[in-house]
There are 2 protein chains.
Amino acid sequence: MSGPYVLGIDFGTLSGRAVIVDVSNGAELATAVQPYQHGVIDRRLPDSNVLLEPDWALQDPNDYLDVLKHAVPDALTQSGIDPARVIGIGVDFTSCTMLPTTANGEPLCNLPQWRNHPHAWVKLWKHHAAQPEADKINAIAREQGFSHLLARYGGKVNSEWFLPKAWQILDEDPDVYEAADRLIEAGDWIVWQMTGVETRNACAAGYKGLWSKKDGFPPTAFFRALDPRLETIVDEKMSHAILPLGARAGSLTEQAAAWMGLPPGIAVAVAVIDAHAAVPAATVSGPERMVIIMGTSNCHMVVSEEEVIVPGISGVVADGILPGLFGYEAGQACVGDHFAWFVENIAPAAYQQEANKQGISLYALLEEKAAQLQPGESGLIALDWWNGNRSILVDADLTGMMVGMTLATKPEEIFRALIEATAYGTRMIIETFTKHGIPVREIVATGGLPDQNKLLMQIYADVTGLPIYIAASRQTSALGAAMHGAVAAGAMQGGYDTLTDAAAHMAGLRDERYHPIPENQAIYEALYEEYRILHDYFGRGENRVMKRLKTIRRAQKTLT
Amino acid sequence: MSGPYVLGIDFGTLSGRAVIVDVSNGAELATAVQPYQHGVIDRRLPDSNVLLEPDWALQDPNDYLDVLKHAVPDALTQSGIDPARVIGIGVDFTSCTMLPTTANGEPLCNLPQWRNHPHAWVKLWKHHAAQPEADKINAIAREQGFSHLLARYGGKVNSEWFLPKAWQILDEDPDVYEAADRLIEAGDWIVWQMTGVETRNACAAGYKGLWSKKDGFPPTAFFRALDPRLETIVDEKMSHAILPLGARAGSLTEQAAAWMGLPPGIAVAVAVIDAHAAVPAATVSGPERMVIIMGTSNCHMVVSEEEVIVPGISGVVADGILPGLFGYEAGQACVGDHFAWFVENIAPAAYQQEANKQGISLYALLEEKAAQLQPGESGLIALDWWNGNRSILVDADLTGMMVGMTLATKPEEIFRALIEATAYGTRMIIETFTKHGIPVREIVATGGLPDQNKLLMQIYADVTGLPIYIAASRQTSALGAAMHGAVAAGAMQGGYDTLTDAAAHMAGLRDERYHPIPENQAIYEALYEEYRILHDYFGRGENRVMKRLKTIRRAQKTLT
């Protein structure tokens with residue numbers, strides 16, 4: 001007799017997914033996906049003529065409720081389990097995805113008087129229109145003696161984070177800001193809708209909200225320096241009560257239970273950021289084992305008992321990944337996106353024909369051809385900055401670079417050089433961690449890429465010199481959310497008392513693993529040294545050509 | 001009543017062409033092309049099992065005679081002129097294309113005992129297998145105090161030149177070397193076949209044979225330092241009698257006249273290198289007006305009354321282009337080849353489909369799209385070294401580089417960046433000439449590219465800041481050869497006494513011309529400064545990554 005069961009709900013960029021998991025062994029019994037009816041809103045508000053500026057990305061919070069109403073019952077039905085045996089629910093969410101609400105949690109965009117105000121809607125994580133506010137925050141922090149507040153974040157606030165987004169509302173639509181009793185992460189909001197209790201989770205508050213367990217939020221003097229109207233933002237619009245991961249936010253309400261086809265009263269965990277939920281689901285519950293979520297971009301996470309300042313990482317947050325440990329995050333802005341760009345813009349017609357003839361994808365053909373090359377055989381090296389550099393240079397204005405092309409250079413050589421470039425970027429991050437006292441001895445990979453691209457995995461092993469394991473689950477964020485649900489329920493209710501316990505029972509690795517091949521490692525050692533020289537030359541100010549070209553480009557694009 | 005007429009014969013890489021030209025106005029009355037039956041011999045000797053090593057490129061001298069026997073009579077017939085009204089013949093030839101012969105001019109490869117010896121055949125200009133000999137010459141010149149001999153050539157002998165090729169024969173097949181009474185440029189050899197007189201032309205001797213008008217050939221001490229057996233090469237296998245361009249080599253023999261369908265006795269000019277023949281045919285007869293032959297590669301030529309050492313150019317030769325002036329030559333190794341590489345390897349399937357739909361070539365589609373971009377709008381910059389750098393770095397081991405790519409980078413932006421890179425390379429050459437006292441104020445373009453690519457021409461004008469004119473003739477080398485024929489005949493015979501006179505009457509420009517657009521020039525000024533920084537960083541030893549990548553690449557290719 002197996003069970004009991006937990007429910008993990010993973011809110012992604014385009015859809016939400018519900019997964020029913022066996023608490024005893026982590027088996028995923030059923031999965032159901034509910035696409036968001038309005039997807040990413042980036043051109044005009046739904047049912048209106050209100051157009052959005054470039055770089056905007058909104059969502060409709062009702063689409064999240066539809067996940068509860070449809071995906072959850074679907075998964076339950078599919079699983080065949082008795083809903084009464086569900087002991088806990090966990091939620092992971094993209095972040096910082098945030099919205100303004102009334103004091104009782106009603107999204108402002110649901111109210112007729114605010115419905116035509118773009119700022120009343122959910123700002124999705126990839127809403128990039130708050131860059132001016134991010135720039136102002138960074139400048140003011142630097143100039144007015146607050147830069148220590150950003151030391152944990154590689155020295156810079158990102159435009160995707162909570163404070164730039166909140167400030168953009170105030171800057172551009174002060175009436176919406178005024179009307180908002182709450183500004184809240186969408187993950188915390190959906191937990192509120194399920195439990196009737198407003199909570200804030202330490203993961204999002206720490207990585208996206210400038211909060212730390214030790215010091216809390218920045219002092220009011222900082223907010224005042226930004227804008228006197230922001231001085232009271234935490235007290236008035238947010239909350240000082242930040243709950244650790246795995247904590248029980250509350251119990252499922254009658255109403256939410258009815259939506260979801262579950263009995264009321266089930267323990268609901270506080271929300272967690274999607275990436276960070278994946279860490280225990282990838283078996284990691286302690287230091288020295290890095291989790292990399294490999295997809296359109298790479299997210300690197302590692303925990304440590306020490307808090308140190310690692311330059312250029314996205315953040316270090318006490319309890320931010322696993323309670324009791326400091327959670328470190330770094331990132332690469334362009335990985336799968338890199339290969340997609342190549343396939344769309346670079347692979348020639350003859351290769352498309354060859355792929356069609358073989359009945360495989362162009363991507364598969366390129367991997368096949370690239371896999372036949374020896375390391376270094378292409379004579380190419382690239383910097384993986386097609387979408388800027390997130391870690392460790394934290395510079396969105398850096399761009400791509402490739403060197404070594406000849407008239408004999410083939411498309412698959414360029415393709416392989418792009419894969420290698422992302423591997424060098426990962427090694428740069430790992431070396432930076434190690435150098436600052438956060439050693440990394442193993443990698444556990446998860447996300448979409450490890451499933452598709454064996455060549456990429458081997459190259460990462462060869463370049464980093466580390467063994468790479470693959471998380472057993474293909475939906476580690478959702479599984480991680482379910483594990484949070486198990487911890488919220490607690491051992492007394494048939495769950496677990498810690499994420500570490502949950503990971504020990506519910507997470508696993510595949511048999512498939514990648515070890516560095518010594519001959520390849522030796523070549524990549526030499527190539528990485530070249531990468532490092534070019535990385536510093538183009539990335540650390542010796543030749544600021546990338547920025548100057550961007551300045552010229554912006555000026556010229558304005559002309560056209 | 002027009003005429004008299006001259007015949008120009010242009011010996012290219014794959015075919016020879018005969019052109020009948022009106023002496024009075026340069027009108028091209030008829031053209032006939034004779035492809036070489038054996039083309040470029042680079043795999044095995046004709047009618048044999050003798051295989052050739054990589055980098056070999058041979059030709060059959062009998063193919064050249066076929067041009068006399070077929071293309072010339074065809075052109076005459078086509079023109080409808082009276083052959084008796086042909087007063088002069090000029091020949092231009094690829095160079096250094098050279099062969100071993102007997103004392104009476106019989107190619108050794110025509111003799112049964114030598115026919116199976118690869119070294120008995122014509123070595124085509126692009127025979128690159130004498131690189132070891134070139135390397136030895138450069139090292140010995142540097143180490144044993146002969147480097148002044150190479151100062152006129154950017155400091156280095158190229159493997160394509162006469163001495164490396166001759167030494168390769170001696171190194172690898174001393175019997176052939178021994179049996180060769182003569183080692184001779186193919187251009188001089190074909191003139192010999194037409195006139196019965198052995199001559200050597202100053203152009204090939206100067207640019208490819210280390211000869212100078214002032215000092216003659218290098219001293220015997222130099223040849224002895226290379227190899228004692230080479231000490232007497234000039235006296236025994238070559239000739240000290242070097243004739244200036246436009247000089248009369250001799251008169252058409254009975255036999256050659258019969259081959260060609262012409263009366264005997266017609267004045268035949270000494271040979272000239274194909275590129276250099278194009279200069280007067282592009283209207284240039286004095287300083288400050290550079291001729292650029294734009295094709296798979298670019299060849300830049302300018303004349304001056306001064307002899308100066310310009311670092312990194314291919315050569316300066318007294319009387320080498322126009323008698324009485326110093327002729328300067330520089331080059332870019334990869335221009336049209338660059339665009340061909342792009343079209344073959346980079347342009348994606350969707351663009352091929354779009355081109356098919358519009359019924360235009362992929363190249364035309366790319367130019368159309370690239371022409372819609374403003375300068376600098378792509379944010380890209382490239383170094384044009386996909387095939388090494390000929391001038392001014394004289395380094396075949398340099399490779400390509402591009403910087404500025406983002407996920408929004410489109411194929412036409414890369415394509416335009418490659419065009420711009422070749423324009424920056426040309427500007428670098430022009431600035432080097434100007435800086436060393438050889439000013440360039442105008443450009444006359446000829447070759448295949450100006451006909452096809454208006455965008456490229458405008459970019460060259462914008463980048464160099466110079467007006468660009470286009471030679472009227474589409475076969476400037478052949479027209480130039482004909483002009484040499486007119487000078488060999490002389491004014492008394494209805495021709496001209498100097499190439500300057502010939503150019504004044506026989507050469508012209510099209511109405512189509514390109515002037516710099518000031519707004520574009522300003523942007524390109526900034527972009528060229530970026531190019532210069534990258535050029536020096538990667539090209540002058542600050543970061544020798546290109547060479548190190550090539551070394552790794554060579555080692556790895558050996559493994560596979």
# chains A, B, ... in the order shown; residues from 1 in each chain; ligands from 1

call {"tool": "interface_residues", "arguments": {"of": "chain B", "to": "chain A", "cutoff": "8 Å", "atoms": "only C-alpha atoms", "output": "compact mmCIF listing (two decimals) with N, CA, C and O atoms, in the first residue's frame"}}
result
# COMPACT_ATOMS: atom_id res chain seq x y z
N ASP B 337 35.13 35.51 -51.96
CA ASP B 337 35.13 34.21 -51.29
C ASP B 337 34.36 34.25 -49.97
O ASP B 337 33.75 33.27 -49.56
N HIS B 338 34.45 35.40 -49.33
CA HIS B 338 33.77 35.61 -48.07
C HIS B 338 32.25 35.47 -48.24
O HIS B 338 31.57 34.80 -47.48
N TRP B 341 31.20 31.97 -49.10
CA TRP B 341 31.17 31.15 -47.87
C TRP B 341 29.88 31.40 -47.11
O TRP B 341 29.22 30.46 -46.67
N GLU B 344 26.86 29.87 -48.85
CA GLU B 344 26.83 28.40 -48.79
C GLU B 344 26.59 27.86 -47.38
O GLU B 344 25.90 26.88 -47.20
N ASN B 345 27.16 28.52 -46.38
CA ASN B 345 27.17 27.93 -45.04
C ASN B 345 26.24 28.58 -44.04
O ASN B 345 25.92 27.98 -43.02
N ILE B 346 25.84 29.81 -44.28
CA ILE B 346 25.16 30.56 -43.23
C ILE B 346 23.72 30.93 -43.58
O ILE B 346 22.86 30.91 -42.71
N ALA B 347 23.46 31.27 -44.83
CA ALA B 347 22.10 31.75 -45.14
C ALA B 347 21.09 30.63 -44.93
O ALA B 347 21.24 29.54 -45.46
N PRO B 348 20.05 30.88 -44.12
CA PRO B 348 19.15 29.80 -43.71
C PRO B 348 18.15 29.40 -44.79
O PRO B 348 17.96 30.10 -45.78
N ALA B 349 17.54 28.26 -44.55
CA ALA B 349 16.59 27.68 -45.51
C ALA B 349 15.47 28.65 -45.85
O ALA B 349 15.05 28.76 -47.01
N ALA B 350 14.99 29.38 -44.84
CA ALA B 350 13.87 30.30 -45.10
C ALA B 350 14.25 31.36 -46.13
O ALA B 350 13.42 31.78 -46.94
N GLN B 352 16.50 30.94 -48.55
CA GLN B 352 16.55 30.28 -49.85
C GLN B 352 15.15 30.20 -50.44
O GLN B 352 14.94 30.48 -51.63
N GLN B 374 20.80 50.53 -41.98
CA GLN B 374 21.68 51.69 -41.85
C GLN B 374 23.07 51.22 -41.42
O GLN B 374 23.20 50.21 -40.73
N PRO B 375 24.11 51.97 -41.76
CA PRO B 375 25.43 51.65 -41.21
C PRO B 375 25.35 51.62 -39.69
O PRO B 375 24.72 52.48 -39.08
N GLY B 376 25.96 50.61 -39.09
CA GLY B 376 25.99 50.54 -37.63
C GLY B 376 24.72 49.95 -37.01
O GLY B 376 24.71 49.66 -35.82
N GLU B 377 23.68 49.79 -37.81
CA GLU B 377 22.42 49.32 -37.23
C GLU B 377 22.51 47.88 -36.74
O GLU B 377 21.82 47.49 -35.79
N SER B 378 23.35 47.09 -37.38
CA SER B 378 23.47 45.68 -36.99
C SER B 378 24.16 45.53 -35.64
O SER B 378 24.01 44.52 -34.97
N GLY B 379 24.97 46.52 -35.25
CA GLY B 379 25.75 46.37 -34.02
C GLY B 379 26.90 45.37 -34.17
O GLY B 379 27.48 44.95 -33.18
N LEU B 380 27.21 44.99 -35.40
CA LEU B 380 28.24 43.97 -35.63
C LEU B 380 29.51 44.59 -36.20
O LEU B 380 29.47 45.58 -36.92
N TRP B 385 39.38 38.20 -42.04
CA TRP B 385 40.56 37.35 -42.15
C TRP B 385 40.21 35.87 -42.30
O TRP B 385 41.00 35.01 -41.89
N TRP B 386 39.06 35.57 -42.87
CA TRP B 386 38.64 34.17 -43.05
C TRP B 386 39.68 33.38 -43.86
O TRP B 386 39.74 32.17 -43.77
N ASN B 387 40.49 34.10 -44.66
CA ASN B 387 41.54 33.44 -45.43
C ASN B 387 42.90 34.07 -45.11
O ASN B 387 43.77 34.19 -45.95
N LEU B 398 46.19 34.15 -39.57
CA LEU B 398 45.10 34.87 -38.91
C LEU B 398 43.77 34.32 -39.41
O LEU B 398 43.68 33.77 -40.50
N THR B 399 42.75 34.45 -38.59
CA THR B 399 41.43 33.90 -38.94
C THR B 399 40.35 34.95 -38.69
O THR B 399 40.63 36.06 -38.23
N GLY B 400 39.11 34.57 -38.96
CA GLY B 400 38.00 35.51 -38.86
C GLY B 400 37.59 35.80 -37.43
O GLY B 400 37.88 35.03 -36.50
N MET B 401 36.92 36.93 -37.24
CA MET B 401 36.41 37.32 -35.93
C MET B 401 35.17 38.17 -36.16
O MET B 401 35.14 38.95 -37.12
N MET B 402 34.17 37.98 -35.33
CA MET B 402 33.00 38.85 -35.39
C MET B 402 32.54 39.10 -33.97
O MET B 402 32.60 38.22 -33.12
N VAL B 403 32.07 40.33 -33.73
CA VAL B 403 31.63 40.69 -32.40
C VAL B 403 30.33 41.49 -32.51
O VAL B 403 30.10 42.16 -33.51
N GLY B 404 29.47 41.34 -31.50
CA GLY B 404 28.24 42.15 -31.44
C GLY B 404 26.96 41.38 -31.66
O GLY B 404 25.88 41.96 -31.68
N MET B 405 27.04 40.05 -31.80
CA MET B 405 25.84 39.29 -32.09
C MET B 405 24.89 39.26 -30.88
O MET B 405 25.33 39.19 -29.73
N THR B 406 23.60 39.32 -31.16
CA THR B 406 22.57 39.15 -30.13
C THR B 406 21.56 38.13 -30.66
O THR B 406 21.67 37.69 -31.81
N LEU B 407 20.57 37.80 -29.84
CA LEU B 407 19.54 36.86 -30.29
C LEU B 407 18.69 37.47 -31.39
O LEU B 407 17.95 36.76 -32.08
N LYS B 410 20.21 39.13 -37.43
CA LYS B 410 19.67 38.47 -38.61
C LYS B 410 20.79 38.15 -39.60
O LYS B 410 21.82 38.81 -39.62
N PRO B 411 20.55 37.15 -40.47
CA PRO B 411 21.57 36.77 -41.45
C PRO B 411 22.07 37.95 -42.30
O PRO B 411 23.27 38.07 -42.55
N ILE B 523 29.43 57.56 -39.35
CA ILE B 523 29.25 56.32 -38.58
C ILE B 523 30.42 55.38 -38.83
O ILE B 523 30.97 54.77 -37.91
N LEU B 527 33.10 53.19 -36.55
CA LEU B 527 33.22 51.73 -36.65
C LEU B 527 34.62 51.31 -37.08
O LEU B 527 35.16 50.31 -36.60
N GLU B 530 36.89 51.08 -34.24
CA GLU B 530 36.73 49.79 -33.54
C GLU B 530 37.48 48.69 -34.29
O GLU B 530 38.13 47.82 -33.68
N VAL B 545 45.54 34.46 -30.00
CA VAL B 545 44.56 33.37 -29.90
C VAL B 545 44.32 32.69 -31.25
O VAL B 545 44.15 31.48 -31.31
N MET B 546 44.31 33.46 -32.34
CA MET B 546 44.03 32.84 -33.64
C MET B 546 45.07 31.79 -34.00
O MET B 546 44.74 30.72 -34.51
N LEU B 549 44.64 28.76 -31.62
CA LEU B 549 43.50 27.91 -32.02
C LEU B 549 43.86 27.08 -33.25
O LEU B 549 43.46 25.92 -33.36
N LYS B 550 44.60 27.68 -34.17
CA LYS B 550 45.01 26.92 -35.36
C LYS B 550 45.94 25.78 -35.00
O LYS B 550 45.86 24.70 -35.58
N ILE B 552 46.01 24.15 -32.12
CA ILE B 552 45.18 23.11 -31.50
C ILE B 552 44.39 22.37 -32.59
O ILE B 552 44.29 21.15 -32.59
N ARG B 553 43.86 23.14 -33.51
CA ARG B 553 43.04 22.57 -34.57
C ARG B 553 43.84 21.57 -35.41
O ARG B 553 43.38 20.48 -35.72
N ARG B 554 45.06 21.97 -35.78
CA ARG B 554 45.89 21.08 -36.59
C ARG B 554 46.17 19.78 -35.85
O ARG B 554 46.07 18.70 -36.41
N GLN B 556 44.36 18.41 -33.55
CA GLN B 556 43.15 17.62 -33.41
C GLN B 556 42.71 17.01 -34.73
O GLN B 556 42.16 15.91 -34.76
N LYS B 557 42.95 17.73 -35.83
CA LYS B 557 42.56 17.19 -37.13
C LYS B 557 43.40 15.97 -37.48
O LYS B 557 42.94 15.06 -38.14
N THR B 560 41.89 12.74 -36.33
CA THR B 560 40.64 12.20 -36.90
C THR B 560 40.86 11.57 -38.25
O THR B 560 41.90 11.71 -38.85

call {"tool": "select_by_dssp", "arguments": {"residues": "range 65-245 of chain A", "states": "alpha helix (DSSP H)", "output": "short mmCIF file (atom, residue, chain, number, x, y, z; two decimals) with C-alpha atoms, in the first residue's frame"}}
result
data_model
loop_
_atom_site.label_atom_id
_atom_site.label_comp_id
_atom_site.auth_asym_id
_atom_site.auth_seq_id
_atom_site.Cartn_x
_atom_site.Cartn_y
_atom_site.Cartn_z
CA LEU A 65 -7.02 30.20 -10.80
CA ASP A 66 -7.96 28.18 -13.89
CA VAL A 72 -5.70 19.88 -10.42
CA PRO A 73 -8.98 17.96 -10.85
CA ASP A 74 -7.67 16.51 -14.13
CA ALA A 75 -4.53 15.22 -12.46
CA LEU A 76 -6.50 13.79 -9.56
CA THR A 77 -8.87 11.96 -11.88
CA GLN A 78 -6.02 10.69 -13.99
CA SER A 79 -4.14 9.40 -10.95
CA GLN A 131 14.90 49.15 -16.61
CA PRO A 132 14.92 52.94 -15.94
CA GLU A 133 13.90 52.25 -12.33
CA ALA A 134 16.57 49.53 -12.00
CA ASP A 135 19.16 51.94 -13.37
CA LYS A 136 18.09 54.61 -10.89
CA ILE A 137 18.23 52.17 -7.97
CA ASN A 138 21.75 51.09 -8.91
CA ALA A 139 22.94 54.66 -9.37
CA ILE A 140 21.43 55.89 -6.11
CA ALA A 141 22.75 52.90 -4.19
CA ARG A 142 26.22 53.59 -5.56
CA GLU A 143 26.14 57.33 -5.04
CA PHE A 162 10.29 43.44 -7.24
CA LEU A 163 11.41 46.95 -6.37
CA PRO A 164 11.97 48.22 -9.94
CA LYS A 165 8.56 46.83 -10.92
CA ALA A 166 6.85 48.40 -7.92
CA TRP A 167 8.58 51.71 -8.54
CA GLN A 168 7.55 51.63 -12.19
CA ILE A 169 3.90 51.47 -11.08
CA LEU A 170 4.43 54.49 -8.85
CA ASP A 171 6.34 56.38 -11.56
CA GLU A 172 3.91 55.77 -14.35
CA PRO A 174 0.54 56.67 -9.17
CA ASP A 175 -3.23 56.13 -8.90
CA VAL A 176 -2.79 52.39 -9.29
CA TYR A 177 0.04 52.47 -6.79
CA GLU A 178 -2.16 54.41 -4.37
CA ALA A 179 -5.09 52.02 -4.87
CA ALA A 186 2.02 35.92 -7.73
CA GLY A 187 3.21 32.75 -5.97
CA ASP A 188 2.27 34.21 -2.61
CA TRP A 189 -0.98 35.47 -4.08
CA ILE A 190 -2.06 32.04 -5.33
CA VAL A 191 -1.27 30.54 -1.91
CA TRP A 192 -3.41 33.30 -0.40
CA GLN A 193 -6.25 32.28 -2.75
CA MET A 194 -5.95 28.68 -1.60
CA THR A 195 -5.62 29.33 2.14
CA ALA A 202 11.74 33.77 1.98
CA CYS A 203 12.91 32.56 -1.42
CA ALA A 204 11.24 35.26 -3.54
CA ALA A 205 11.69 37.93 -0.84
CA GLY A 206 15.38 37.10 -0.64
CA TYR A 207 16.27 36.65 -4.31
CA LYS A 208 13.93 39.24 -5.81
CA THR A 220 13.62 53.28 5.08
CA ALA A 221 16.42 55.75 4.40
CA PHE A 222 17.21 53.78 1.27
CA PHE A 223 13.63 53.80 0.03
CA ARG A 224 13.38 57.50 0.83
CA ALA A 225 16.54 58.16 -1.14
CA LEU A 226 14.90 56.51 -4.13
CA ILE A 233 6.32 50.63 0.82
CA VAL A 234 7.20 47.64 2.99
CA ASP A 235 4.87 48.61 5.82
CA GLU A 236 2.02 49.69 3.62
CA LYS A 237 2.13 47.40 0.60
#

call {"tool": "residues_around", "arguments": {"residues": "Glu28 in chain A", "least_positions_apart": "3", "cutoff": "10 Å", "atoms": "only C-alpha atoms", "output": "VMD selection string"}}
result
chain A and resid 5 to 8 19 to 23 25 31 79 473 to 475 478 to 479 482 506

call {"tool": "write_last_selection", "arguments": {"atoms": "N, CA and C atoms", "output": "short mmCIF file (atom, residue, chain, number, x, y, z; two decimals), in the first residue's frame"}}
result
data_model
loop_
_atom_site.label_atom_id
_atom_site.label_comp_id
_atom_site.auth_asym_id
_atom_site.auth_seq_id
_atom_site.Cartn_x
_atom_site.Cartn_y
_atom_site.Cartn_z
N TYR A 5 -0.24 11.00 -0.48
CA TYR A 5 0.09 11.74 -1.69
C TYR A 5 0.21 13.23 -1.42
N VAL A 6 0.97 13.87 -2.26
CA VAL A 6 1.04 15.34 -2.23
C VAL A 6 0.81 15.87 -3.64
N LEU A 7 0.40 17.12 -3.68
CA LEU A 7 0.12 17.80 -4.94
C LEU A 7 1.15 18.91 -5.12
N GLY A 8 1.82 18.89 -6.27
CA GLY A 8 2.71 20.00 -6.62
C GLY A 8 2.11 20.78 -7.77
N VAL A 19 0.81 18.07 -10.46
CA VAL A 19 1.42 16.73 -10.42
C VAL A 19 1.04 16.07 -9.10
N ILE A 20 0.58 14.83 -9.20
CA ILE A 20 0.25 14.05 -8.01
C ILE A 20 1.44 13.13 -7.73
N VAL A 21 1.98 13.23 -6.52
CA VAL A 21 3.21 12.51 -6.20
C VAL A 21 3.01 11.64 -4.96
N ASP A 22 3.59 10.46 -5.03
CA ASP A 22 3.57 9.53 -3.89
C ASP A 22 4.62 10.00 -2.88
N VAL A 23 4.20 10.30 -1.66
CA VAL A 23 5.13 10.83 -0.66
C VAL A 23 6.21 9.81 -0.32
N ASN A 25 7.84 7.61 -2.12
CA ASN A 25 8.96 7.35 -3.03
C ASN A 25 9.12 8.38 -4.15
N THR A 31 0.02 13.85 -14.22
CA THR A 31 0.36 15.25 -14.51
C THR A 31 -0.72 15.82 -15.42
N SER A 79 -4.95 10.22 -11.87
CA SER A 79 -4.14 9.40 -10.95
C SER A 79 -4.93 8.25 -10.36
N SER A 473 13.47 13.02 -12.35
CA SER A 473 12.20 13.63 -12.75
C SER A 473 12.41 14.53 -13.96
N ARG A 474 11.39 14.55 -14.83
CA ARG A 474 11.43 15.48 -15.96
C ARG A 474 10.69 16.77 -15.63
N GLN A 475 10.18 16.87 -14.41
CA GLN A 475 9.49 18.10 -14.00
C GLN A 475 9.89 18.38 -12.55
N ALA A 478 7.95 21.02 -10.38
CA ALA A 478 6.67 20.53 -9.87
C ALA A 478 6.88 19.49 -8.76
N LEU A 479 7.84 18.59 -8.97
CA LEU A 479 8.14 17.60 -7.93
C LEU A 479 8.62 18.31 -6.67
N ALA A 482 5.79 19.71 -4.81
CA ALA A 482 5.10 18.64 -4.07
C ALA A 482 5.87 18.30 -2.79
N MET A 506 12.12 11.18 -1.86
CA MET A 506 11.29 11.48 -3.03
C MET A 506 12.08 11.83 -4.29
#

call {"tool": "atom_distance", "arguments": {"atom1": "CA of Ile89 in chain A", "atom2": "CA of Leu111 in chain A"}}
result
29.1 Å

call {"tool": "residues_around", "arguments": {"residues": "range 279-287 of chain A", "least_positions_apart": "3", "cutoff": "10 Å", "atoms": "only C-alpha atoms", "output": "PyMOL selection string"}}
result
chain A and resi 26+274-276+290-293+300-306+321-323+325-327+438-446+469-473+475-484+498-509

call {"tool": "atom_distance", "arguments": {"atom1": "CA of Trp161 in chain A", "atom2": "CA of Trp125 in chain A"}}
result
7.7 Å

call {"tool": "select_by_dssp", "arguments": {"residues": "range 447-541 of chain A", "states": "strand (DSSP E)", "output": "VMD selection string"}}
result
chain A and resid 468 to 471 509 to 514

call {"tool": "closest_residue", "arguments": {"among": "B:Gly295, B:Pro244, B:Gly145, B:Gly250", "to": "Val317 in chain B", "atoms": "only C-alpha atoms"}}
result
B:Pro244

call {"tool": "residues_around", "arguments": {"residues": "Leu262 in chain B", "least_positions_apart": "6", "cutoff": "10 Å", "atoms": "only C-alpha atoms", "output": "ChimeraX atom specification"}}
result
/B:72-73,76,82-86,252-254,256

call {"tool": "closest_residue", "arguments": {"among": "A:Ala364, A:Ala151, A:Val91, A:Met428", "to": "Phe11 in chain A", "atoms": "only C-alpha atoms"}}
result
A:Val91

call {"tool": "atom_distance", "arguments": {"atom1": "CA of Val122 in chain B", "atom2": "CA of Lys156 in chain B"}}
result
23.7 Å
